[in-house]
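This report concerns only the one structure given below.
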Amino acid sequence: MATLELTGRVLFLCNDPEQVERQLNGADLQGVTPDALRDDVSTDEITPMSVLTRFDERLGRVPYLGFQAGGRNPVGMDSVRNGGFSVTVAGNRYGKGSSREHSPLAEFRAGIRLVIARSFERIYRQNADNIGLFTSTDFGLIERIQRGEPVDIEELVASRDGLAASILRGGGLLRYGAQSMRQIAHATHRAQNPPFTFALKILARHVLRTERTGESLTPGAGVFVRADWRFIHEYYTGMAAHMLHAAFGKPLSLHDPETLLAFEDHLSYAHKSELHVRDGLLPDVRELSAAHRQFAHDYGLRIHGYLSELDGGIREGSEGISHAMMAERYALPGQVVVGTDSHTPHSGALGCLAFGVGTTDMANAFVTGAVRMTVPQSLRVNFHGPVPAGVTAKDLVLHLLAQPSIRAGAGVGKVFEFAGSAIARLSTDERATLTNMTAELGGFTGIVAPDEETVRFLRERRGIEFAIEPWMRSDPDAVYAEVIDIDCAHVSPMLAAPGDPGNGIALHELEARPRIDIAYGGSCTAGKREDFDHYHDVLAWAAARGLRVPADVKLYLQFGTSDVRDYCVRRGYIAAFEQVGAILLQPSCGACANCGPGVSVDAGQVTISAINRNFPGRSGPGRVWLASPPTVAASALAGEIASFDELKARYP
């Protein structure tokens, strides 16, 4: 029986930074209890944005550079590799956040062969499988490993679904695909034994049959599905091309290239990013862009890139953020949309099954047309009643994120189906805020069944007369893992305190109001048309009263797509934005990805932001509070955290 030889040391990611430093200096810890371990270690901490320009062996130098404990970053460059570690141990919800495969790849290249945690986020664990990095929730392994015992691979894969086990036995997804995906057929599966959720009905129409997988839609089963759209962005294209050409040579034969899209959306403001300029990363950024463009050119992919080139070759802004553009221009109800970004569920607002994957998954899908997934359970969230004035979808999702069961991981890997009378009243843009942030909820994706609002959106945004088919909704008696009911009457403007999107607090309950240095409105979550309607409501009110953003505060507004920018121009919003002193930025992921204006530059700065996540280091070294678009705009004018109603009370 094959065994995993773990001859290196065990690294415990502890809450106490001194315990971490002791290990890096050569001490081996014994008897570490679970409560001593850091929970919620994010991929932003495993591989911070500053290292993502690398995808070769250099990644082995950098795992855990962003890891925070006790307000410190105890892990330095080369510390893990030089320390001779082969096992990492952490607490709950390991690998939260981004779909970046750089994180498990950095661990693997530093010598880590097994990660043990109390629970894992879906994308991180799937990415680890795909490169042959083992994961386990069995803490009983630790003492055995420390005694020098080898671990049977079959023991490590026993609790995993059959597909994940086969991929791990085979040494990763690309090797598995080369060996076991020569014959792929569309399954004849149609949902049997109703009732069914809407998500399961979509899967039934897209599931594939391969040499080693069938078409079972039992929750937990590993399957491959056909995607109507696959998209990639510049952080991952070079890595995917490197993998594919190493495995299959040149040229490649891509499956249905007309359904592949390539976006440059993350790095178009890198030249104005303090991090990228200070750390000398701009040559690496140009290398990423060159690899991305070369691959798209070589294989004739449709590309959405930078808006323009200024003097000296400096590029400013993109056509738009990938998943926001997918909802604006491509996705349709009932489709499967897959992208290399954890916020791909954005398109779920249109009734798509849209989910994020890592680089290896996308590379495999490029050549096979098949996308790996584990059949998820569905969790239904019913938002009841009218949404109070001043409350947005961002407030609703921050309220949901703060629920104890969600914070404990009840939504991890599940489809969040959003329904209820409040959802029926929300625009598609607002629904997209909910589905987008299922990434923060830990979910597989979010989805809203199409209705008259969806038809309106498609007609007005794209000129499409879409006919909703009878199957495009959940059956009345569909089974859910859990049903959460939220009375919107009890939801008020919300915040998430620095460190995690789940640190929710009602704004009116925050007694000590922090002064702010930066207010940022933008990103895929908060750069849509209706988000800019909210910014304008506040800022036009302020402009009419002669109010301006204080001199010691910077307010950035960044459009999510060029379509949103053009909408704001047509509506006459720009004058009010400029009159109050807002700094306008062309479309890009920007500050949300620590890639442009709006990030903090020192730990003492405080930001209030409409982005989707505030993990340590996500938008610079400072403290980031999450809030809705109107709260961000109102706080910018107040110079401290404040709601729009509170601002209006100050200036009656």
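Residue numbering restarts at 1 in every chain; chains get A, B, ... in the order shown in the structure tokens, and ligands count up from 1 in that same order.
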
Name all residues at most 12 Å from Met326 (chain A) (count only C-alpha atoms; drop same-chain ones fewer than 3 positions away) and give them as a ChimeraX atom specification. /A:228-232,259-263,304,319-323,329-332,335-339,343-350,352,354,432,462,524,560-561

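The shell of residues at most 12 Å from Gly504 (chain A), with only C-alpha atoms counted and near chain neighbours (fewer than 5 positions) removed, consists of A:Lys394, A:Asp395, A:Leu396, A:Val397, A:Leu398, A:His399, A:Leu400, A:Leu401, A:Ala402, A:Gln403, A:Pro404, A:Ile406, A:Arg407, A:Val491, A:Ser492, A:Pro493, A:Met494, A:Leu495, A:Ala496, A:Ala497, A:Pro498, A:Gly499, A:Glu509, A:Leu510, A:Arg613, A:Asn614, A:Trp625, A:Leu626, A:Ala627.
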
Could you give me, as a VMD selection string, each residue of region 305-545 of chain A that DSSP assigns to strand (DSSP E) when run on this structure's backbone? chain A and resid 336 to 339 353 to 356 370 to 374 378 to 384 415 to 419 445 to 447 482 to 487 494 to 496 504 to 506 518 to 521

Backbone-only DSSP, helix (DSSP H, G or I) members of region 354-448 of chain A, as a PDB file with N, CA and C atoms, in the first residue's frame:
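For reference, states_12.pdb as written:
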ATOM      1  N   THR A 359      -6.337  27.372 -10.706  1.00  0.00           N
ATOM      2  CA  THR A 359      -5.651  27.353 -11.989  1.00  0.00           C
ATOM      3  C   THR A 359      -5.647  25.979 -12.628  1.00  0.00           C
ATOM      4  N   THR A 360      -5.351  24.936 -11.842  1.00  0.00           N
ATOM      5  CA  THR A 360      -5.287  23.593 -12.415  1.00  0.00           C
ATOM      6  C   THR A 360      -6.646  23.144 -12.923  1.00  0.00           C
ATOM      7  N   ASP A 361      -7.708  23.451 -12.167  1.00  0.00           N
ATOM      8  CA  ASP A 361      -9.051  23.125 -12.632  1.00  0.00           C
ATOM      9  C   ASP A 361      -9.337  23.790 -13.974  1.00  0.00           C
ATOM     10  N   MET A 362      -8.962  25.059 -14.091  1.00  0.00           N
ATOM     11  CA  MET A 362      -9.230  25.763 -15.341  1.00  0.00           C
ATOM     12  C   MET A 362      -8.347  25.228 -16.463  1.00  0.00           C
ATOM     13  N   ALA A 363      -7.087  24.940 -16.159  1.00  0.00           N
ATOM     14  CA  ALA A 363      -6.200  24.384 -17.181  1.00  0.00           C
ATOM     15  C   ALA A 363      -6.775  23.073 -17.716  1.00  0.00           C
ATOM     16  N   ASN A 364      -7.225  22.210 -16.824  1.00  0.00           N
ATOM     17  CA  ASN A 364      -7.821  20.945 -17.245  1.00  0.00           C
ATOM     18  C   ASN A 364      -9.082  21.195 -18.076  1.00  0.00           C
ATOM     19  N   ALA A 365      -9.892  22.183 -17.651  1.00  0.00           N
ATOM     20  CA  ALA A 365     -11.125  22.491 -18.380  1.00  0.00           C
ATOM     21  C   ALA A 365     -10.834  23.075 -19.760  1.00  0.00           C
ATOM     22  N   PHE A 366      -9.705  23.777 -19.901  1.00  0.00           N
ATOM     23  CA  PHE A 366      -9.327  24.301 -21.211  1.00  0.00           C
ATOM     24  C   PHE A 366      -9.207  23.191 -22.251  1.00  0.00           C
ATOM     25  N   VAL A 367      -8.588  22.078 -21.855  1.00  0.00           N
ATOM     26  CA  VAL A 367      -8.297  21.037 -22.835  1.00  0.00           C
ATOM     27  C   VAL A 367      -9.355  19.932 -22.876  1.00  0.00           C
ATOM     28  N   THR A 368     -10.114  19.757 -21.789  1.00  0.00           N
ATOM     29  CA  THR A 368     -11.117  18.689 -21.769  1.00  0.00           C
ATOM     30  C   THR A 368     -12.546  19.207 -21.885  1.00  0.00           C
ATOM     31  N   ALA A 393     -28.430  45.700  -0.063  1.00  0.00           N
ATOM     32  CA  ALA A 393     -28.080  44.275  -0.087  1.00  0.00           C
ATOM     33  C   ALA A 393     -26.773  44.009   0.662  1.00  0.00           C
ATOM     34  N   LYS A 394     -25.851  44.966   0.642  1.00  0.00           N
ATOM     35  CA  LYS A 394     -24.599  44.790   1.389  1.00  0.00           C
ATOM     36  C   LYS A 394     -24.882  44.654   2.881  1.00  0.00           C
ATOM     37  N   ASP A 395     -25.826  45.420   3.385  1.00  0.00           N
ATOM     38  CA  ASP A 395     -26.205  45.294   4.794  1.00  0.00           C
ATOM     39  C   ASP A 395     -26.834  43.936   5.067  1.00  0.00           C
ATOM     40  N   LEU A 396     -27.649  43.459   4.130  1.00  0.00           N
ATOM     41  CA  LEU A 396     -28.272  42.150   4.311  1.00  0.00           C
ATOM     42  C   LEU A 396     -27.227  41.045   4.395  1.00  0.00           C
ATOM     43  N   VAL A 397     -26.222  41.092   3.518  1.00  0.00           N
ATOM     44  CA  VAL A 397     -25.239  40.011   3.511  1.00  0.00           C
ATOM     45  C   VAL A 397     -24.291  40.130   4.700  1.00  0.00           C
ATOM     46  N   LEU A 398     -23.970  41.342   5.151  1.00  0.00           N
ATOM     47  CA  LEU A 398     -23.157  41.475   6.359  1.00  0.00           C
ATOM     48  C   LEU A 398     -23.919  40.981   7.587  1.00  0.00           C
ATOM     49  N   HIS A 399     -25.218  41.205   7.612  1.00  0.00           N
ATOM     50  CA  HIS A 399     -26.064  40.661   8.686  1.00  0.00           C
ATOM     51  C   HIS A 399     -26.040  39.135   8.658  1.00  0.00           C
ATOM     52  N   LEU A 400     -26.160  38.563   7.455  1.00  0.00           N
ATOM     53  CA  LEU A 400     -26.131  37.107   7.319  1.00  0.00           C
ATOM     54  C   LEU A 400     -24.770  36.545   7.726  1.00  0.00           C
ATOM     55  N   LEU A 401     -23.704  37.203   7.320  1.00  0.00           N
ATOM     56  CA  LEU A 401     -22.358  36.745   7.664  1.00  0.00           C
ATOM     57  C   LEU A 401     -22.123  36.717   9.167  1.00  0.00           C
ATOM     58  N   PRO A 404     -24.284  33.303  13.920  1.00  0.00           N
ATOM     59  CA  PRO A 404     -23.352  32.337  14.530  1.00  0.00           C
ATOM     60  C   PRO A 404     -23.166  31.067  13.718  1.00  0.00           C
ATOM     61  N   SER A 405     -24.239  30.539  13.143  1.00  0.00           N
ATOM     62  CA  SER A 405     -24.107  29.286  12.388  1.00  0.00           C
ATOM     63  C   SER A 405     -23.261  29.489  11.136  1.00  0.00           C
ATOM     64  N   ILE A 406     -23.405  30.642  10.493  1.00  0.00           N
ATOM     65  CA  ILE A 406     -22.601  30.923   9.306  1.00  0.00           C
ATOM     66  C   ILE A 406     -21.146  31.123   9.703  1.00  0.00           C
ATOM     67  N   ARG A 407     -20.902  31.835  10.779  1.00  0.00           N
ATOM     68  CA  ARG A 407     -19.526  32.045  11.240  1.00  0.00           C
ATOM     69  C   ARG A 407     -18.865  30.722  11.602  1.00  0.00           C
ATOM     70  N   SER A 421     -39.767  37.438  -0.016  1.00  0.00           N
ATOM     71  CA  SER A 421     -40.422  38.628  -0.558  1.00  0.00           C
ATOM     72  C   SER A 421     -39.458  39.792  -0.733  1.00  0.00           C
ATOM     73  N   ALA A 422     -38.422  39.880   0.106  1.00  0.00           N
ATOM     74  CA  ALA A 422     -37.455  40.967  -0.041  1.00  0.00           C
ATOM     75  C   ALA A 422     -36.621  40.788  -1.303  1.00  0.00           C
ATOM     76  N   ILE A 423     -36.254  39.553  -1.615  1.00  0.00           N
ATOM     77  CA  ILE A 423     -35.457  39.294  -2.817  1.00  0.00           C
ATOM     78  C   ILE A 423     -36.259  39.680  -4.065  1.00  0.00           C
ATOM     79  N   ALA A 424     -37.537  39.404  -4.052  1.00  0.00           N
ATOM     80  CA  ALA A 424     -38.371  39.739  -5.206  1.00  0.00           C
ATOM     81  C   ALA A 424     -38.349  41.231  -5.494  1.00  0.00           C
ATOM     82  N   ARG A 425     -38.094  42.048  -4.467  1.00  0.00           N
ATOM     83  CA  ARG A 425     -38.088  43.501  -4.646  1.00  0.00           C
ATOM     84  C   ARG A 425     -36.706  44.045  -4.999  1.00  0.00           C
ATOM     85  N   THR A 428     -31.420  43.325  -9.945  1.00  0.00           N
ATOM     86  CA  THR A 428     -30.396  42.327 -10.247  1.00  0.00           C
ATOM     87  C   THR A 428     -29.035  42.770  -9.715  1.00  0.00           C
ATOM     88  N   ASP A 429     -28.719  44.060  -9.798  1.00  0.00           N
ATOM     89  CA  ASP A 429     -27.460  44.546  -9.237  1.00  0.00           C
ATOM     90  C   ASP A 429     -27.372  44.246  -7.748  1.00  0.00           C
ATOM     91  N   GLU A 430     -28.446  44.478  -7.023  1.00  0.00           N
ATOM     92  CA  GLU A 430     -28.440  44.209  -5.585  1.00  0.00           C
ATOM     93  C   GLU A 430     -28.377  42.701  -5.305  1.00  0.00           C
ATOM     94  N   ARG A 431     -29.072  41.919  -6.100  1.00  0.00           N
ATOM     95  CA  ARG A 431     -28.988  40.463  -5.940  1.00  0.00           C
ATOM     96  C   ARG A 431     -27.547  39.986  -6.156  1.00  0.00           C
ATOM     97  N   ALA A 432     -26.848  40.641  -7.088  1.00  0.00           N
ATOM     98  CA  ALA A 432     -25.466  40.249  -7.368  1.00  0.00           C
ATOM     99  C   ALA A 432     -24.559  40.483  -6.171  1.00  0.00           C
ATOM    100  N   THR A 433     -24.869  41.476  -5.346  1.00  0.00           N
ATOM    101  CA  THR A 433     -24.095  41.666  -4.115  1.00  0.00           C
ATOM    102  C   THR A 433     -24.213  40.439  -3.219  1.00  0.00           C
ATOM    103  N   LEU A 434     -25.398  39.880  -3.118  1.00  0.00           N
ATOM    104  CA  LEU A 434     -25.613  38.691  -2.290  1.00  0.00           C
ATOM    105  C   LEU A 434     -24.893  37.479  -2.870  1.00  0.00           C
ATOM    106  N   THR A 435     -25.092  37.219  -4.159  1.00  0.00           N
ATOM    107  CA  THR A 435     -24.484  36.016  -4.734  1.00  0.00           C
ATOM    108  C   THR A 435     -22.972  36.148  -4.791  1.00  0.00           C
ATOM    109  N   ASN A 436     -22.473  37.350  -5.079  1.00  0.00           N
ATOM    110  CA  ASN A 436     -21.035  37.597  -5.107  1.00  0.00           C
ATOM    111  C   ASN A 436     -20.399  37.223  -3.776  1.00  0.00           C
ATOM    112  N   THR A 438     -21.256  35.136  -1.540  1.00  0.00           N
ATOM    113  CA  THR A 438     -21.261  33.761  -1.038  1.00  0.00           C
ATOM    114  C   THR A 438     -19.837  33.252  -0.895  1.00  0.00           C
ATOM    115  N   ALA A 439     -18.881  33.890  -1.565  1.00  0.00           N
ATOM    116  CA  ALA A 439     -17.478  33.541  -1.344  1.00  0.00           C
ATOM    117  C   ALA A 439     -17.103  33.775   0.110  1.00  0.00           C
ATOM    118  N   GLU A 440     -17.558  34.891   0.687  1.00  0.00           N
ATOM    119  CA  GLU A 440     -17.263  35.187   2.086  1.00  0.00           C
ATOM    120  C   GLU A 440     -18.090  34.305   3.026  1.00  0.00           C
ATOM    121  N   LEU A 441     -19.281  33.914   2.588  1.00  0.00           N
ATOM    122  CA  LEU A 441     -20.115  33.008   3.380  1.00  0.00           C
ATOM    123  C   LEU A 441     -19.552  31.593   3.402  1.00  0.00           C
TER     124      LEU A 441
END

Write out as a VMD selection string each polymer residue whose atoms come within 8 Å of Gly95 (chain A), counting only C-alpha atoms; drop sequence neighbours fewer than 3 positions from it. chain A and resid 40 to 43 46 120 to 121 123 to 125

Restricting it to N, CA and C atoms, dump the selection as an mmCIF file, in the first residue's frame.
data_model
loop_
_atom_site.group_PDB
_atom_site.id
_atom_site.type_symbol
_atom_site.label_atom_id
_atom_site.label_comp_id
_atom_site.auth_asym_id
_atom_site.auth_seq_id
_atom_site.Cartn_x
_atom_site.Cartn_y
_atom_site.Cartn_z
ATOM 1 N N ASP A 40 -9.573 30.536 10.703
ATOM 2 C CA ASP A 40 -9.820 31.480 9.604
ATOM 3 C C ASP A 40 -8.550 31.979 8.928
ATOM 4 N N VAL A 41 -7.551 31.114 8.792
ATOM 5 C CA VAL A 41 -6.347 31.503 8.058
ATOM 6 C C VAL A 41 -6.725 31.627 6.584
ATOM 7 N N SER A 42 -6.577 32.821 6.039
ATOM 8 C CA SER A 42 -7.044 33.076 4.675
ATOM 9 C C SER A 42 -5.936 32.862 3.660
ATOM 10 N N THR A 43 -6.333 32.705 2.418
ATOM 11 C CA THR A 43 -5.335 32.607 1.349
ATOM 12 C C THR A 43 -4.593 33.925 1.167
ATOM 13 N N ILE A 46 -1.758 33.228 3.493
ATOM 14 C CA ILE A 46 -0.825 32.188 3.042
ATOM 15 C C ILE A 46 0.066 32.735 1.936
ATOM 16 N N PHE A 120 -11.860 22.956 6.240
ATOM 17 C CA PHE A 120 -11.251 23.631 5.103
ATOM 18 C C PHE A 120 -12.317 24.335 4.272
ATOM 19 N N GLU A 121 -11.923 25.435 3.641
ATOM 20 C CA GLU A 121 -12.782 26.053 2.641
ATOM 21 C C GLU A 121 -12.698 25.252 1.341
ATOM 22 N N ILE A 123 -12.639 25.868 -2.072
ATOM 23 C CA ILE A 123 -11.718 26.086 -3.188
ATOM 24 C C ILE A 123 -10.296 25.740 -2.779
ATOM 25 N N TYR A 124 -9.903 26.126 -1.562
ATOM 26 C CA TYR A 124 -8.542 25.802 -1.126
ATOM 27 C C TYR A 124 -8.317 24.293 -1.175
ATOM 28 N N ARG A 125 -9.261 23.525 -0.625
ATOM 29 C CA ARG A 125 -9.040 22.080 -0.555
ATOM 30 C C ARG A 125 -9.018 21.454 -1.942
#

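Excluding region 136-142 of chain A and any residue on its chain fewer than 2 positions from it, the residues at most 9 Å away by only C-alpha atoms are Val10, Pro34, Val87, Val89, Leu114, Val115, Ile116, Ala117, Arg118, Ser119, Phe120, Phe134, Arg144, Ile145, Gln146, Arg147, Val151, Leu156, Val157 and Ser159 of chain A.
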
The selected residues should be written to file as a JSON list (two decimals), in the first residue's frame (atoms: N, CA and C atoms).
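Saved the output as part09.json:
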[["chain", "number", "residue", "atom", "x", "y", "z"],
["A", 10, "VAL", "N", 6.60, 19.39, 11.96],
["A", 10, "VAL", "CA", 5.21, 19.84, 11.98],
["A", 10, "VAL", "C", 5.19, 21.30, 12.40],
["A", 34, "PRO", "N", -6.28, 22.29, 20.19],
["A", 34, "PRO", "CA", -6.94, 22.98, 19.09],
["A", 34, "PRO", "C", -7.23, 24.45, 19.36],
["A", 87, "VAL", "N", 4.52, 19.26, 7.39],
["A", 87, "VAL", "CA", 3.11, 19.24, 7.80],
["A", 87, "VAL", "C", 2.77, 20.60, 8.41],
["A", 89, "VAL", "N", -0.41, 22.60, 10.57],
["A", 89, "VAL", "CA", -1.61, 22.35, 11.36],
["A", 89, "VAL", "C", -2.24, 23.69, 11.73],
["A", 114, "LEU", "N", 1.29, 17.75, 3.72],
["A", 114, "LEU", "CA", 0.02, 17.49, 4.38],
["A", 114, "LEU", "C", -0.36, 18.70, 5.21],
["A", 115, "VAL", "N", -1.62, 19.15, 5.05],
["A", 115, "VAL", "CA", -2.16, 20.20, 5.90],
["A", 115, "VAL", "C", -3.30, 19.59, 6.72],
["A", 116, "ILE", "N", -3.22, 19.76, 8.03],
["A", 116, "ILE", "CA", -4.25, 19.27, 8.94],
["A", 116, "ILE", "C", -4.96, 20.48, 9.54],
["A", 117, "ALA", "N", -6.27, 20.50, 9.43],
["A", 117, "ALA", "CA", -7.06, 21.59, 10.01],
["A", 117, "ALA", "C", -8.40, 21.03, 10.45],
["A", 118, "ARG", "N", -9.06, 21.77, 11.30],
["A", 118, "ARG", "CA", -10.37, 21.31, 11.78],
["A", 118, "ARG", "C", -11.41, 21.35, 10.68],
["A", 119, "SER", "N", -11.28, 22.30, 9.75],
["A", 119, "SER", "CA", -12.13, 22.33, 8.56],
["A", 119, "SER", "C", -11.44, 23.17, 7.50],
["A", 120, "PHE", "N", -11.86, 22.96, 6.24],
["A", 120, "PHE", "CA", -11.25, 23.63, 5.10],
["A", 120, "PHE", "C", -12.32, 24.33, 4.27],
["A", 134, "PHE", "N", -1.92, 16.82, 0.20],
["A", 134, "PHE", "CA", -2.93, 16.14, 1.00],
["A", 134, "PHE", "C", -3.46, 17.04, 2.10],
["A", 144, "ARG", "N", 1.34, 10.56, 15.61],
["A", 144, "ARG", "CA", 1.95, 9.49, 14.82],
["A", 144, "ARG", "C", 3.04, 10.05, 13.90],
["A", 145, "ILE", "N", 2.74, 11.18, 13.27],
["A", 145, "ILE", "CA", 3.73, 11.80, 12.38],
["A", 145, "ILE", "C", 4.95, 12.23, 13.17],
["A", 146, "GLN", "N", 4.72, 12.80, 14.36],
["A", 146, "GLN", "CA", 5.85, 13.25, 15.17],
["A", 146, "GLN", "C", 6.70, 12.07, 15.66],
["A", 147, "ARG", "N", 6.10, 10.87, 15.73],
["A", 147, "ARG", "CA", 6.88, 9.68, 16.09],
["A", 147, "ARG", "C", 7.62, 9.10, 14.89],
["A", 151, "VAL", "N", 2.25, 7.46, 6.82],
["A", 151, "VAL", "CA", 0.78, 7.44, 6.80],
["A", 151, "VAL", "C", 0.33, 6.85, 5.47],
["A", 156, "LEU", "N", -5.63, 8.61, 4.22],
["A", 156, "LEU", "CA", -5.83, 10.04, 4.02],
["A", 156, "LEU", "C", -7.00, 10.33, 3.09],
["A", 157, "VAL", "N", -7.27, 9.43, 2.15],
["A", 157, "VAL", "CA", -8.33, 9.70, 1.18],
["A", 157, "VAL", "C", -9.64, 9.00, 1.52],
["A", 159, "SER", "N", -11.97, 9.43, 3.65],
["A", 159, "SER", "CA", -13.16, 10.24, 3.92],
["A", 159, "SER", "C", -13.55, 11.15, 2.76]]

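Closest approach to Pro150 (chain A) among A:Val569, A:Ala324, A:Ala481, A:Ala2 is made by A:Ala2 (distances from only C-alpha atoms).
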
Write out as number ranges by chain the residues lying within 12 Å of region 538-541 of chain A, counting only C-alpha atoms and excluding same-chain residues fewer than 4 positions away. A: 390, 531-534, 545-549, 555, 557, 572-582, 628-638, 642-648, 651-652

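Taking CA of Gly598 (chain A) as the reference point, CA of Pro621 (chain A) is found at 12.0 Å.
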
Could you please determine the separation between CA of Arg169 (chain A) and CA of Leu244 (chain A) in Å, to one decimal place? 20.2 Å

Measuring between only C-alpha atoms, which one of A:Pro476, A:Gly84, A:Pro470, A:Gly249 shows the shortest distance to Thr197 (chain A)? A:Pro476

I'd like the contact shell of Ser342 (chain A) - 8 Å cut-off, only C-alpha atoms, skipping same-chain residues fewer than 4 positions apart - returned as a ChimeraX atom specification. /A:97-99,123,355-357,439

May I have the residues within 7 Å of Ile611 (chain A) as a PyMOL selection string, using only C-alpha atoms and disregarding those fewer than 6 positions away in the same chain? chain A and resi 522-523+525-526+592+626

Pull N, CA and C atoms from the residues just selected and write them as a PDB file, in the first residue's frame.
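The result, written out as selection-v6.pdb:
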ATOM      1  N   GLY A 522     -16.112  50.763  -4.596  1.00  0.00           N
ATOM      2  CA  GLY A 522     -15.775  50.111  -5.857  1.00  0.00           C
ATOM      3  C   GLY A 522     -15.725  48.621  -5.672  1.00  0.00           C
ATOM      4  N   SER A 523     -15.065  47.925  -6.582  1.00  0.00           N
ATOM      5  CA  SER A 523     -14.906  46.467  -6.619  1.00  0.00           C
ATOM      6  C   SER A 523     -16.101  45.833  -7.310  1.00  0.00           C
ATOM      7  N   THR A 525     -18.196  43.856  -6.016  1.00  0.00           N
ATOM      8  CA  THR A 525     -19.329  43.864  -5.095  1.00  0.00           C
ATOM      9  C   THR A 525     -20.032  45.210  -5.081  1.00  0.00           C
ATOM     10  N   ALA A 526     -19.296  46.275  -5.228  1.00  0.00           N
ATOM     11  CA  ALA A 526     -19.866  47.601  -4.993  1.00  0.00           C
ATOM     12  C   ALA A 526     -19.474  48.600  -6.069  1.00  0.00           C
ATOM     13  N   CYS A 592      -9.356  46.562  -3.761  1.00  0.00           N
ATOM     14  CA  CYS A 592      -9.877  45.318  -3.192  1.00  0.00           C
ATOM     15  C   CYS A 592      -8.823  44.227  -3.231  1.00  0.00           C
ATOM     16  N   LEU A 626     -15.783  47.064   6.702  1.00  0.00           N
ATOM     17  CA  LEU A 626     -16.658  46.885   5.545  1.00  0.00           C
ATOM     18  C   LEU A 626     -18.002  47.552   5.802  1.00  0.00           C
TER      19      LEU A 626
END

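Between CA of Ala506 (chain A) and CA of Ile608 (chain A) there is a distance of 14.6 Å.
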